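File shown: input11.txt. Contents: compact mmCIF, C-alpha atoms and all ligand atoms.
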```
# COMPACT_ATOMS: atom_id res chain seq x y z
CA MET A 1 -54.65 38.05 -39.21
CA ARG A 2 -54.81 37.01 -35.58
CA LEU A 3 -54.16 33.43 -34.47
CA ALA A 4 -55.20 32.20 -31.03
CA VAL A 5 -53.61 29.31 -29.14
CA LEU A 6 -55.98 27.96 -26.50
CA LYS A 7 -55.22 26.53 -23.10
CA GLU A 8 -56.70 23.02 -23.03
CA ARG A 9 -59.67 22.57 -20.71
CA ARG A 10 -60.29 18.82 -20.72
CA ALA A 11 -59.16 16.64 -17.86
CA SER A 12 -55.96 14.71 -18.62
CA GLU A 13 -55.06 17.04 -21.51
CA THR A 14 -51.57 18.33 -20.81
CA ARG A 15 -50.50 19.20 -24.34
CA VAL A 16 -50.47 22.57 -26.07
CA ALA A 17 -50.99 23.26 -29.77
CA ALA A 18 -48.03 25.63 -30.24
CA THR A 19 -44.49 25.96 -28.94
CA PRO A 20 -42.13 28.95 -28.94
CA GLU A 21 -40.50 27.44 -32.04
CA THR A 22 -43.79 27.31 -33.98
CA VAL A 23 -44.94 30.69 -32.67
CA ARG A 24 -41.82 32.28 -34.15
CA LYS A 25 -42.63 30.73 -37.53
CA LEU A 26 -46.31 31.69 -37.32
CA VAL A 27 -45.30 35.28 -36.64
CA GLY A 28 -42.98 34.97 -39.65
CA LEU A 29 -46.01 34.14 -41.81
CA GLY A 30 -47.44 37.53 -40.90
CA LEU A 31 -49.78 36.36 -38.13
CA THR A 32 -50.37 38.11 -34.83
CA VAL A 33 -50.21 35.27 -32.30
CA ALA A 34 -52.15 35.36 -29.02
CA VAL A 35 -51.46 32.56 -26.53
CA GLU A 36 -53.89 32.09 -23.66
CA ALA A 37 -52.07 32.50 -20.32
CA GLY A 38 -50.94 29.17 -18.89
CA ALA A 39 -51.50 27.30 -22.18
CA GLY A 40 -48.09 25.64 -22.06
CA ALA A 41 -47.78 25.18 -18.30
CA GLN A 42 -48.34 21.42 -18.29
CA ALA A 43 -45.97 20.96 -21.21
CA SER A 44 -43.21 22.87 -19.40
CA ILE A 45 -43.55 26.00 -21.54
CA PRO A 46 -43.86 29.17 -19.42
CA ASP A 47 -45.82 32.12 -20.80
CA GLY A 48 -42.56 34.08 -20.88
CA ASP A 49 -41.11 31.72 -23.49
CA PHE A 50 -44.13 32.26 -25.74
CA ALA A 51 -43.83 36.01 -25.22
CA ALA A 52 -40.11 35.91 -26.06
CA ALA A 53 -41.03 34.13 -29.31
CA GLY A 54 -43.27 37.03 -30.29
CA ALA A 55 -46.66 36.04 -28.87
CA GLU A 56 -49.07 38.25 -27.01
CA ILE A 57 -50.15 36.55 -23.78
CA ALA A 58 -53.94 36.83 -23.46
CA ALA A 59 -55.43 36.78 -19.96
CA ASP A 60 -58.17 34.30 -20.87
CA ASP A 61 -59.79 32.52 -23.81
CA SER A 62 -62.13 35.43 -24.61
CA ALA A 63 -59.16 37.77 -24.92
CA ALA A 64 -57.18 35.27 -27.02
CA LEU A 65 -60.10 34.57 -29.35
CA ALA A 66 -61.27 38.16 -29.84
CA GLY A 67 -60.87 38.79 -33.56
CA ALA A 68 -58.91 35.56 -34.21
CA GLY A 69 -59.28 34.17 -37.74
CA VAL A 70 -57.26 31.04 -36.93
CA VAL A 71 -57.47 29.00 -33.73
CA LEU A 72 -55.10 26.22 -32.66
CA ALA A 73 -56.12 23.65 -30.05
CA VAL A 74 -55.33 20.05 -29.17
CA GLN A 75 -58.87 18.86 -28.35
CA MET A 76 -62.12 20.18 -29.75
CA PRO A 77 -63.10 23.12 -27.50
CA GLU A 78 -66.27 22.67 -25.43
CA PRO A 79 -69.51 24.29 -26.73
CA GLU A 80 -69.25 27.27 -24.39
CA GLN A 81 -65.77 28.06 -25.70
CA ARG A 82 -66.80 27.41 -29.30
CA GLY A 83 -69.35 30.16 -28.83
CA LYS A 84 -66.46 32.61 -28.43
CA ILE A 85 -64.83 31.64 -31.75
CA LEU A 86 -65.63 33.94 -34.69
CA ARG A 87 -67.95 32.58 -37.37
CA GLY A 88 -65.74 31.79 -40.35
CA ALA A 89 -62.60 31.25 -38.25
CA LEU A 90 -60.43 28.22 -39.07
CA LEU A 91 -59.98 25.87 -36.11
CA LEU A 92 -57.24 23.21 -36.22
CA CYS A 93 -57.66 20.50 -33.59
CA ILE A 94 -58.23 16.81 -32.97
CA ALA A 95 -61.98 17.09 -33.37
CA GLY A 96 -63.05 13.70 -32.02
CA ALA A 97 -65.48 13.64 -34.91
CA TYR A 98 -66.32 9.94 -34.57
CA GLY A 99 -66.52 10.00 -30.79
CA GLU A 100 -69.45 12.26 -30.07
CA PRO A 101 -72.71 11.97 -32.01
CA GLY A 102 -74.19 15.38 -32.75
CA LEU A 103 -70.84 17.15 -32.48
CA VAL A 104 -70.25 17.66 -36.19
CA PRO A 105 -73.60 19.34 -37.06
CA SER A 106 -73.33 21.45 -33.92
CA VAL A 107 -69.87 22.68 -34.93
CA ALA A 108 -71.18 23.43 -38.43
CA ASP A 109 -74.02 25.48 -36.91
CA SER A 110 -71.51 27.56 -34.99
CA GLY A 111 -69.98 28.59 -38.32
CA ILE A 112 -66.45 27.47 -37.46
CA ASP A 113 -64.40 25.92 -40.27
CA VAL A 114 -62.87 22.89 -38.58
CA ALA A 115 -59.83 21.04 -39.87
CA ALA A 116 -60.17 17.74 -37.97
CA MET A 117 -56.53 16.69 -37.86
CA GLU A 118 -57.36 13.05 -37.04
CA LEU A 119 -59.05 12.73 -40.44
CA LEU A 120 -55.94 13.68 -42.40
CA PRO A 121 -55.37 11.20 -45.23
CA ARG A 122 -52.44 8.86 -44.54
CA ILE A 123 -50.60 9.78 -47.74
CA THR A 124 -46.93 10.59 -48.20
CA ARG A 125 -47.52 14.31 -48.85
CA ALA A 126 -49.41 14.61 -45.56
CA GLN A 127 -46.91 12.71 -43.41
CA SER A 128 -45.38 15.78 -41.79
CA MET A 129 -48.84 17.01 -40.74
CA ASP A 130 -50.01 13.62 -39.48
CA VAL A 131 -50.99 14.10 -35.86
CA LEU A 132 -52.16 10.50 -35.43
CA SER A 133 -48.69 9.27 -36.33
CA SER A 134 -46.71 11.81 -34.31
CA GLN A 135 -48.81 11.21 -31.22
CA ALA A 136 -49.18 7.43 -31.56
CA ASN A 137 -45.43 7.00 -31.90
CA LEU A 138 -44.86 8.75 -28.56
CA ALA A 139 -47.77 6.87 -26.97
CA GLY A 140 -46.20 3.56 -27.99
CA TYR A 141 -42.90 4.56 -26.42
CA ARG A 142 -44.54 5.84 -23.25
CA ALA A 143 -46.66 2.69 -22.89
CA VAL A 144 -43.56 0.53 -22.72
CA VAL A 145 -41.73 2.85 -20.36
CA GLU A 146 -44.72 2.85 -18.00
CA ALA A 147 -45.08 -0.91 -18.29
CA ALA A 148 -41.41 -1.29 -17.41
CA ALA A 149 -41.87 0.93 -14.37
CA ALA A 150 -44.92 -1.03 -13.21
CA PHE A 151 -43.27 -4.42 -13.80
CA GLN A 152 -41.35 -5.50 -10.73
CA ARG A 153 -38.78 -7.65 -12.50
CA GLY A 154 -37.01 -5.69 -15.23
CA PHE A 155 -36.89 -6.09 -19.00
CA PRO A 156 -33.38 -7.30 -19.93
CA MET A 157 -31.78 -10.54 -18.94
CA MET A 158 -29.42 -9.65 -16.11
CA MET A 159 -26.63 -12.04 -15.23
CA THR A 160 -25.26 -11.12 -11.85
CA ALA A 161 -23.09 -12.78 -9.22
CA ALA A 162 -26.29 -13.37 -7.26
CA GLY A 163 -27.94 -15.17 -10.16
CA THR A 164 -29.75 -14.49 -13.42
CA VAL A 165 -32.87 -12.40 -13.92
CA PRO A 166 -34.70 -13.69 -17.00
CA PRO A 167 -35.74 -11.24 -19.76
CA ALA A 168 -39.33 -10.03 -19.81
CA ARG A 169 -41.67 -11.34 -22.49
CA VAL A 170 -43.64 -8.56 -24.15
CA PHE A 171 -46.60 -9.12 -26.48
CA VAL A 172 -47.82 -6.19 -28.58
CA ILE A 173 -51.35 -6.27 -29.98
CA GLY A 174 -51.72 -4.07 -33.04
CA ALA A 175 -48.59 -3.16 -34.99
CA GLY A 176 -49.51 0.24 -36.40
CA VAL A 177 -47.55 3.36 -35.52
CA ALA A 178 -47.90 2.97 -31.72
CA GLY A 179 -47.38 -0.80 -31.76
CA LEU A 180 -44.23 -0.65 -33.88
CA GLN A 181 -42.72 1.96 -31.55
CA ALA A 182 -43.72 -0.20 -28.57
CA ILE A 183 -41.94 -3.17 -30.16
CA ALA A 184 -38.81 -1.11 -30.84
CA THR A 185 -38.77 0.34 -27.31
CA ALA A 186 -39.32 -3.01 -25.63
CA ARG A 187 -36.53 -4.53 -27.74
CA ARG A 188 -34.18 -1.69 -26.80
CA LEU A 189 -34.89 -2.42 -23.16
CA GLY A 190 -33.90 -6.02 -23.74
CA ALA A 191 -37.26 -7.84 -23.72
CA ILE A 192 -38.22 -10.81 -25.86
CA VAL A 193 -40.96 -9.36 -28.04
CA SER A 194 -43.77 -10.81 -30.12
CA ALA A 195 -46.69 -9.05 -31.77
CA THR A 196 -49.92 -9.56 -33.67
CA ASP A 197 -51.95 -7.62 -36.23
CA VAL A 198 -54.58 -8.31 -38.87
CA ARG A 199 -53.10 -6.31 -41.77
CA PRO A 200 -50.79 -8.50 -43.89
CA ALA A 201 -48.16 -5.73 -44.21
CA ALA A 202 -47.71 -5.65 -40.45
CA LYS A 203 -46.14 -9.13 -40.31
CA GLU A 204 -42.96 -8.09 -42.13
CA GLU A 205 -42.77 -4.83 -40.17
CA ILE A 206 -42.98 -6.75 -36.89
CA LYS A 207 -40.23 -9.10 -38.00
CA SER A 208 -38.02 -6.28 -39.28
CA LEU A 209 -37.93 -4.90 -35.74
CA GLY A 210 -36.68 -8.22 -34.38
CA ALA A 211 -39.98 -9.38 -32.89
CA SER A 212 -41.80 -12.56 -33.76
CA PHE A 213 -45.22 -12.58 -35.38
CA VAL A 214 -48.11 -14.42 -33.77
CA GLY A 215 -51.35 -14.14 -35.66
CA VAL A 216 -54.18 -15.68 -37.60
CA GLU A 217 -53.57 -15.57 -41.33
CA ASP A 218 -56.53 -16.37 -43.54
CA ALA A 219 -58.52 -15.03 -46.50
CA GLU A 220 -60.04 -12.35 -44.29
CA THR A 221 -56.71 -10.98 -43.06
CA ALA A 222 -55.45 -10.95 -46.68
CA ALA A 223 -58.07 -8.23 -47.28
CA ALA A 224 -58.00 -6.66 -43.81
CA GLN A 225 -56.45 -3.37 -44.87
CA THR A 226 -58.69 -0.60 -46.24
CA ALA A 227 -57.62 1.73 -49.05
CA GLY A 228 -56.89 4.34 -46.35
CA GLY A 229 -54.39 1.96 -44.70
CA TYR A 230 -56.55 1.17 -41.67
CA ALA A 231 -57.71 -2.24 -40.43
CA ARG A 232 -61.27 -3.37 -41.11
CA GLU A 233 -63.55 -4.50 -38.37
CA MET A 234 -63.13 -8.30 -38.38
CA SER A 235 -65.92 -10.90 -38.58
CA GLU A 236 -67.19 -12.97 -35.68
CA ALA A 237 -65.58 -16.07 -37.27
CA PHE A 238 -62.19 -14.32 -37.31
CA ARG A 239 -62.63 -13.12 -33.74
CA GLN A 240 -63.17 -16.74 -32.66
CA LYS A 241 -59.96 -17.89 -34.35
CA GLN A 242 -58.04 -14.96 -32.92
CA ALA A 243 -59.43 -15.62 -29.42
CA GLU A 244 -58.22 -19.24 -29.57
CA LEU A 245 -54.72 -18.10 -30.48
CA MET A 246 -54.73 -15.32 -27.87
CA ALA A 247 -55.84 -17.78 -25.17
CA THR A 248 -52.56 -19.64 -25.59
CA THR A 249 -50.42 -16.53 -26.18
CA VAL A 250 -51.37 -13.87 -23.64
CA GLY A 251 -50.63 -15.94 -20.51
CA LYS A 252 -47.11 -16.76 -21.70
CA ASN A 253 -46.20 -13.08 -21.57
CA ASP A 254 -45.29 -10.76 -18.72
CA ILE A 255 -46.35 -7.56 -20.45
CA VAL A 256 -49.16 -7.06 -22.97
CA VAL A 257 -49.28 -3.75 -24.82
CA CYS A 258 -52.66 -3.19 -26.49
CA THR A 259 -52.78 -0.74 -29.41
CA ALA A 260 -55.40 -2.20 -31.79
CA LEU A 261 -57.82 0.37 -33.19
CA VAL A 262 -60.37 0.40 -35.99
CA MET A 263 -60.89 3.93 -37.35
CA GLY A 264 -64.28 5.32 -36.42
CA ARG A 265 -65.36 2.28 -34.35
CA ARG A 266 -65.05 0.87 -30.88
CA ALA A 267 -61.70 -0.85 -30.34
CA PRO A 268 -61.84 -4.66 -30.70
CA VAL A 269 -61.81 -6.61 -27.44
CA ILE A 270 -58.92 -9.05 -27.86
CA VAL A 271 -57.81 -9.85 -24.29
CA THR A 272 -60.74 -11.40 -22.44
CA GLU A 273 -61.28 -11.69 -18.67
CA PRO A 274 -60.26 -15.40 -18.64
CA MET A 275 -57.03 -14.51 -20.47
CA VAL A 276 -56.26 -11.90 -17.79
CA ALA A 277 -57.08 -14.46 -15.08
CA ALA A 278 -54.56 -16.85 -16.65
CA MET A 279 -51.69 -14.33 -16.50
CA LYS A 280 -49.02 -14.59 -13.81
CA PRO A 281 -49.22 -12.26 -10.79
CA GLY A 282 -47.10 -9.18 -11.42
CA SER A 283 -47.87 -9.16 -15.14
CA VAL A 284 -48.77 -5.80 -16.70
CA ILE A 285 -51.30 -4.92 -19.38
CA VAL A 286 -51.07 -1.46 -20.94
CA ASP A 287 -54.20 -0.54 -22.86
CA LEU A 288 -53.60 2.31 -25.27
CA ALA A 289 -57.05 1.65 -26.70
CA ALA A 290 -58.72 2.41 -23.33
CA GLU A 291 -60.30 5.62 -24.57
CA ALA A 292 -61.85 3.78 -27.52
CA GLY A 293 -63.34 1.10 -25.26
CA GLY A 294 -60.18 -0.93 -24.64
CA ASN A 295 -58.61 -4.04 -26.18
CA CYS A 296 -58.76 -5.71 -22.79
CA ALA A 297 -62.14 -6.57 -21.27
CA ALA A 298 -60.89 -5.79 -17.76
CA THR A 299 -59.55 -2.31 -18.54
CA VAL A 300 -61.07 0.56 -16.60
CA ALA A 301 -60.70 3.67 -18.76
CA GLY A 302 -58.73 6.41 -17.06
CA GLU A 303 -57.43 4.18 -14.27
CA SER A 304 -54.65 1.90 -13.20
CA ILE A 305 -56.07 -1.20 -11.50
CA THR A 306 -54.77 -4.47 -10.11
CA THR A 307 -56.91 -7.55 -10.71
CA PRO A 308 -57.58 -10.15 -7.96
CA ASN A 309 -54.86 -12.37 -9.48
CA GLY A 310 -52.31 -9.54 -9.30
CA VAL A 311 -52.24 -8.28 -12.90
CA LYS A 312 -51.78 -4.53 -13.26
CA ILE A 313 -53.84 -2.93 -16.00
CA LEU A 314 -52.89 0.60 -17.02
CA GLY A 315 -55.93 2.05 -18.79
CA TYR A 316 -55.06 5.72 -18.80
CA ARG A 317 -56.69 8.04 -21.27
CA ASN A 318 -54.56 10.26 -23.46
CA TRP A 319 -51.23 8.47 -23.59
CA PRO A 320 -49.53 11.20 -25.67
CA GLY A 321 -50.50 13.61 -22.87
CA ARG A 322 -48.29 11.55 -20.55
CA ILE A 323 -45.27 12.70 -22.53
CA ALA A 324 -46.51 16.25 -22.99
CA VAL A 325 -43.29 18.05 -23.90
CA ALA A 326 -42.43 15.87 -26.88
CA ALA A 327 -46.08 15.39 -27.85
CA SER A 328 -46.72 19.16 -27.87
CA SER A 329 -43.56 19.81 -29.83
CA LEU A 330 -44.50 17.35 -32.59
CA TYR A 331 -48.21 18.24 -32.60
CA ALA A 332 -47.38 21.95 -32.86
CA ARG A 333 -45.07 21.22 -35.82
CA ASN A 334 -47.80 19.17 -37.50
CA LEU A 335 -50.18 22.14 -37.28
CA LEU A 336 -47.52 24.59 -38.45
CA THR A 337 -46.79 22.41 -41.49
CA PHE A 338 -50.49 22.25 -42.31
CA LEU A 339 -50.82 26.03 -42.12
CA THR A 340 -47.67 26.77 -44.10
CA THR A 341 -48.71 24.24 -46.77
CA PHE A 342 -52.06 25.92 -47.17
CA TRP A 343 -50.95 29.52 -46.80
CA ASP A 344 -51.55 32.40 -49.17
CA LYS A 345 -48.38 34.46 -48.79
CA GLU A 346 -49.85 37.57 -50.40
CA ALA A 347 -53.12 37.60 -48.50
CA LYS A 348 -51.28 36.37 -45.36
CA ALA A 349 -54.20 34.04 -44.72
CA PRO A 350 -54.98 30.32 -45.03
CA LYS A 351 -55.96 29.10 -48.49
CA LEU A 352 -57.67 25.72 -48.54
CA PRO A 353 -58.59 24.63 -52.06
CA ASP A 354 -61.45 22.16 -51.72
CA THR A 355 -60.11 20.15 -54.64
CA ASP A 356 -56.92 19.25 -52.74
CA GLU A 357 -56.88 15.67 -51.45
CA ILE A 358 -55.59 16.69 -48.00
CA VAL A 359 -58.13 19.51 -47.65
CA LYS A 360 -60.95 17.21 -48.74
CA GLY A 361 -59.85 14.62 -46.22
CA VAL A 362 -59.38 16.93 -43.28
CA MET A 363 -62.08 19.63 -43.48
CA LEU A 364 -65.06 18.70 -41.39
CA THR A 365 -67.13 21.87 -41.63
CA ARG A 366 -66.97 24.97 -43.82
CA GLY A 367 -69.18 28.00 -44.23
CA GLY A 368 -71.71 26.71 -41.69
CA ARG A 369 -72.07 23.29 -43.36
CA VAL A 370 -70.75 19.78 -42.82
CA VAL A 371 -68.43 19.15 -45.78
CA HIS A 372 -66.62 15.89 -44.93
CA ALA A 373 -67.96 13.00 -47.03
CA GLN A 374 -68.17 10.68 -44.04
CA PHE A 375 -70.30 13.06 -41.98
CA LEU A 376 -72.67 14.51 -44.59
CA SER A 377 -75.52 12.34 -43.30
CA SER A 378 -75.06 13.77 -39.79
CA GLN A 379 -76.12 17.16 -41.15
CA ALA A 380 -79.34 15.83 -42.62
CA ALA A 381 -80.20 14.13 -39.33
P1 LIG A 401 -54.56 2.32 -35.90
O1 LIG A 401 -54.16 3.20 -34.76
O2 LIG A 401 -55.86 2.58 -36.59
O3 LIG A 401 -54.57 0.80 -35.37
C1 LIG A 401 -53.44 0.25 -34.73
C2 LIG A 401 -53.17 -1.14 -35.28
O4 LIG A 401 -54.16 -2.04 -34.80
C3 LIG A 401 -53.20 -1.24 -36.80
O5 LIG A 401 -51.96 -1.75 -37.25
C4 LIG A 401 -54.34 -2.21 -37.07
O6 LIG A 401 -54.11 -3.02 -38.20
C5 LIG A 401 -54.38 -3.01 -35.79
N1 LIG A 401 -55.63 -3.72 -35.56
C6 LIG A 401 -56.91 -3.31 -35.78
N2 LIG A 401 -57.79 -4.27 -35.46
C7 LIG A 401 -57.07 -5.33 -35.02
C8 LIG A 401 -57.42 -6.63 -34.53
N3 LIG A 401 -58.69 -7.01 -34.47
N4 LIG A 401 -56.43 -7.45 -34.17
C9 LIG A 401 -55.13 -7.06 -34.24
N5 LIG A 401 -54.74 -5.86 -34.69
C10 LIG A 401 -55.71 -5.00 -35.07
O7 LIG A 401 -53.42 2.28 -36.97
P2 LIG A 401 -52.27 3.34 -37.27
O8 LIG A 401 -51.16 3.12 -36.37
O9 LIG A 401 -52.90 4.70 -37.33
O10 LIG A 401 -51.83 2.91 -38.72
C11 LIG A 401 -52.81 2.66 -39.71
C12 LIG A 401 -52.17 2.48 -41.07
O11 LIG A 401 -51.77 3.73 -41.59
C13 LIG A 401 -50.98 1.59 -41.11
O12 LIG A 401 -51.11 0.83 -42.28
C14 LIG A 401 -49.83 2.54 -41.23
O13 LIG A 401 -48.71 1.95 -41.84
C15 LIG A 401 -50.46 3.58 -42.10
N6 LIG A 401 -49.82 4.88 -41.99
C16 LIG A 401 -49.49 5.51 -43.16
C17 LIG A 401 -48.91 6.76 -43.10
C18 LIG A 401 -48.57 7.49 -44.35
O14 LIG A 401 -48.30 6.88 -45.36
N7 LIG A 401 -48.58 8.79 -44.34
C19 LIG A 401 -48.69 7.38 -41.89
C20 LIG A 401 -49.04 6.70 -40.73
C21 LIG A 401 -49.63 5.46 -40.80
```
As structure tokens, please, write out the structure in this file.
Ligand code: NAD
Amino acid sequence: MRLAVLKERRASETRVAATPETVRKLVGLGLTVAVEAGAGAQASIPDGDFAAAGAEIAADDSAALAGAGVVLAVQMPEPEQRGKILRGALLLCIAGAYGEPGLVPSVADSGIDVAAMELLPRITRAQSMDVLSSQANLAGYRAVVEAAAAFQRGFPMMMTAAGTVPPARVFVIGAGVAGLQAIATARRLGAIVSATDVRPAAKEEIKSLGASFVGVEDAETAAAQTAGGYAREMSEAFRQKQAELMATTVGKNDIVVCTALVMGRRAPVIVTEPMVAAMKPGSVIVDLAAEAGGNCAATVAGESITTPNGVKILGYRNWPGRIAVAASSLYARNLLTFLTTFWDKEAKAPKLPDTDEIVKGVMLTRGGRVVHAQFLSSQAA
């Protein structure tokens, strides 16, 4: 069976869905691997390294996809490129299933079987395939590193002969995978760190990393975590209480790292314009939620801006893509683990039993139909 690795087409996408290490293992499974020329260029992987690992370098996407039964990508390919994928082929990618209305039925119509990696259940058995975790962890690290670079004072307390530089105060909003890594990174750099979240479990995790917890705790937060581990969308009454607390918290900090997301919905707006206006000049807000609408009302998605009162807001899209080498390496391993877990050694082909919890959670389309429970209605529409 032939497996194609596509070069990403979307702006700001620097990652690649395979590395020489995973190509070697894919070849070991009995696959013929075709990598589109230049696929790894932005992740510092020359074509020659893929070739040395056993891949055929295809001149373009048509050549890579010709006859491919499995396709690996980071983002969902655009419609024109999807038209080149064989009906019945298995496509592993971050499908963006919630982001684009009409996408899921259109993909089903094209006959591609899509494993939407962002829908993977957050269960122990799936941890090593969990692209949201592998990428969010790196995004959290990168957010702090970029905040530190943009902040003109430094993170640790520095006692010098010329005087003392005080430590930076960092506030992390959302203590999931990205937020916890942001806390750990900011602590390693010597900042004084605090954080907030709505899920009750997050409080202890924040404290275990040496940060202090600042947050509303009420009956609603006690039930804020869904069975899938995600946060619920909070009520207007909660948002009011949270806004009052944030109004006195945000301005006391030099750096605010925003990571709060609600699966399948727009990100909650937690840092309002007046809160930004109350921050000191030179403060930095990093909004990892920018692509989902932003946790900060003043964020401009895809851009770095400075507000009239001198606050820098980094609202880049695709934070994992800003650390492309590590992000590609972990993403590629996530996909390899998925394929090897669901691999029929005799047939040398994927085997995806639809009774398996992971398969049920991750498969978006199969055999020309929408199969994921959360998107069945999109097919009828
Ligand atoms: P996420 O990216 O969906 O959200 C980031 C954080 O924002 C979450 O902690 C969430 O609670 C928080 N948040 C949402 N709305 C908020 C609001 N209004 N105010 C403040 N904070 C808000 O989350 P994630 O990082 O993907 O993690 C989601 C869950 O999955 C966590 O419970 C995590 O521990 C769990 N998880 C489990 C596994 C596993 O067992 N395999 C793997 C990874 C993550």
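Closest approach to A:Gly111 among A:Thr299, A:Thr365, A:Asn137, A:Asn318 is made by A:Thr365 (distances from all atoms listed in the file).
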Interface rows for stretch 24-120 of chain A against stretch 348-361 of chain A: nearest pair, Å to one decimal, 10 Å, all atoms listed in the file, as a Markdown table:
```
| residue | atom | partner | partner_atom | distance |
| --- | --- | --- | --- | --- |
| A:Leu29 | CA | A:Lys348 | CA | 6.7 |
| A:Gly30 | CA | A:Lys348 | CA | 6.0 |
| A:Leu31 | CA | A:Lys348 | CA | 7.4 |
| A:Gly69 | CA | A:Ala349 | CA | 8.6 |
| A:Val70 | CA | A:Pro350 | CA | 8.4 |
| A:Leu90 | CA | A:Pro350 | CA | 8.3 |
| A:Ala115 | CA | A:Val359 | CA | 8.1 |
| A:Ala116 | CA | A:Gly361 | CA | 8.8 |
| A:Met117 | CA | A:Gly361 | CA | 9.2 |
| A:Glu118 | CA | A:Gly361 | CA | 9.6 |
| A:Leu119 | CA | A:Gly361 | CA | 6.1 |
| A:Leu120 | CA | A:Gly361 | CA | 5.5 |
```
Draw an axis-aligned box over all listed atoms of ligand LIG 401 (chain A), pad each side with 8 Å, and write its centre and edge lengths in Å, one decimal, as JSON.
```
{"center_x": -53.5, "center_y": 0.7, "center_z": -39.8, "size_x": 26.4, "size_y": 32.2, "size_z": 27.2}
```
Just want the residues within 8 Å of ligand LIG 401 (chain A), written as a PyMOL selection string, counting all atoms listed in the file. chain A and resi 121-127+130+132-133+136+173-179+196-199+201-202+224-225+228-234+239+242+259-263+267-270
Show which residues sit within 12 Å of A:Ser377, as a list in words. Count all atoms listed in the file, and ignore same-chain residues fewer than 6 positions away.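 Near A:Ser377, the qualifying residues are Pro101, Gly102, Val104, Pro105, Arg369, Val370 and Val371 of chain A.
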May I ask you to restore N, CA, C and O atoms in stretch 81-92 of chain A and write the result as a PDB file, in the coordinates of the input?
```pdb
ATOM      1  N   GLN A  81     -66.939  27.386 -25.127  1.00  0.00           N
ATOM      2  CA  GLN A  81     -65.770  28.060 -25.700  1.00  0.00           C
ATOM      3  C   GLN A  81     -65.923  28.238 -27.217  1.00  0.00           C
ATOM      4  O   GLN A  81     -65.487  29.244 -27.772  1.00  0.00           O
ATOM      5  N   ARG A  82     -66.574  27.272 -27.851  1.00  0.00           N
ATOM      6  CA  ARG A  82     -66.800  27.410 -29.300  1.00  0.00           C
ATOM      7  C   ARG A  82     -67.635  28.646 -29.600  1.00  0.00           C
ATOM      8  O   ARG A  82     -67.463  29.279 -30.633  1.00  0.00           O
ATOM      9  N   GLY A  83     -68.507  28.977 -28.670  1.00  0.00           N
ATOM     10  CA  GLY A  83     -69.350  30.160 -28.830  1.00  0.00           C
ATOM     11  C   GLY A  83     -68.543  31.447 -28.890  1.00  0.00           C
ATOM     12  O   GLY A  83     -69.032  32.474 -29.353  1.00  0.00           O
ATOM     13  N   LYS A  84     -67.297  31.396 -28.424  1.00  0.00           N
ATOM     14  CA  LYS A  84     -66.460  32.610 -28.430  1.00  0.00           C
ATOM     15  C   LYS A  84     -65.608  32.698 -29.705  1.00  0.00           C
ATOM     16  O   LYS A  84     -64.870  33.662 -29.898  1.00  0.00           O
ATOM     17  N   ILE A  85     -65.648  31.629 -30.523  1.00  0.00           N
ATOM     18  CA  ILE A  85     -64.830  31.640 -31.750  1.00  0.00           C
ATOM     19  C   ILE A  85     -65.628  32.309 -32.869  1.00  0.00           C
ATOM     20  O   ILE A  85     -66.819  32.031 -33.050  1.00  0.00           O
ATOM     21  N   LEU A  86     -64.964  33.187 -33.611  1.00  0.00           N
ATOM     22  CA  LEU A  86     -65.630  33.940 -34.690  1.00  0.00           C
ATOM     23  C   LEU A  86     -66.243  32.992 -35.718  1.00  0.00           C
ATOM     24  O   LEU A  86     -65.618  31.989 -36.091  1.00  0.00           O
ATOM     25  N   ARG A  87     -67.406  33.310 -36.223  1.00  0.00           N
ATOM     26  CA  ARG A  87     -67.950  32.580 -37.370  1.00  0.00           C
ATOM     27  C   ARG A  87     -66.975  32.762 -38.530  1.00  0.00           C
ATOM     28  O   ARG A  87     -66.449  33.858 -38.738  1.00  0.00           O
ATOM     29  N   GLY A  88     -66.662  31.702 -39.225  1.00  0.00           N
ATOM     30  CA  GLY A  88     -65.740  31.790 -40.350  1.00  0.00           C
ATOM     31  C   GLY A  88     -64.284  31.588 -39.974  1.00  0.00           C
ATOM     32  O   GLY A  88     -63.420  31.492 -40.841  1.00  0.00           O
ATOM     33  N   ALA A  89     -63.990  31.496 -38.662  1.00  0.00           N
ATOM     34  CA  ALA A  89     -62.600  31.250 -38.250  1.00  0.00           C
ATOM     35  C   ALA A  89     -62.226  29.795 -38.591  1.00  0.00           C
ATOM     36  O   ALA A  89     -63.093  28.917 -38.657  1.00  0.00           O
ATOM     37  N   LEU A  90     -60.930  29.576 -38.805  1.00  0.00           N
ATOM     38  CA  LEU A  90     -60.430  28.220 -39.070  1.00  0.00           C
ATOM     39  C   LEU A  90     -59.892  27.650 -37.761  1.00  0.00           C
ATOM     40  O   LEU A  90     -59.009  28.253 -37.144  1.00  0.00           O
ATOM     41  N   LEU A  91     -60.420  26.518 -37.350  1.00  0.00           N
ATOM     42  CA  LEU A  91     -59.980  25.870 -36.110  1.00  0.00           C
ATOM     43  C   LEU A  91     -59.252  24.571 -36.458  1.00  0.00           C
ATOM     44  O   LEU A  91     -59.817  23.693 -37.119  1.00  0.00           O
ATOM     45  N   LEU A  92     -57.990  24.453 -36.042  1.00  0.00           N
ATOM     46  CA  LEU A  92     -57.240  23.210 -36.220  1.00  0.00           C
ATOM     47  C   LEU A  92     -57.194  22.491 -34.888  1.00  0.00           C
ATOM     48  O   LEU A  92     -56.688  23.032 -33.903  1.00  0.00           O
TER      49      LEU A  92
END
```
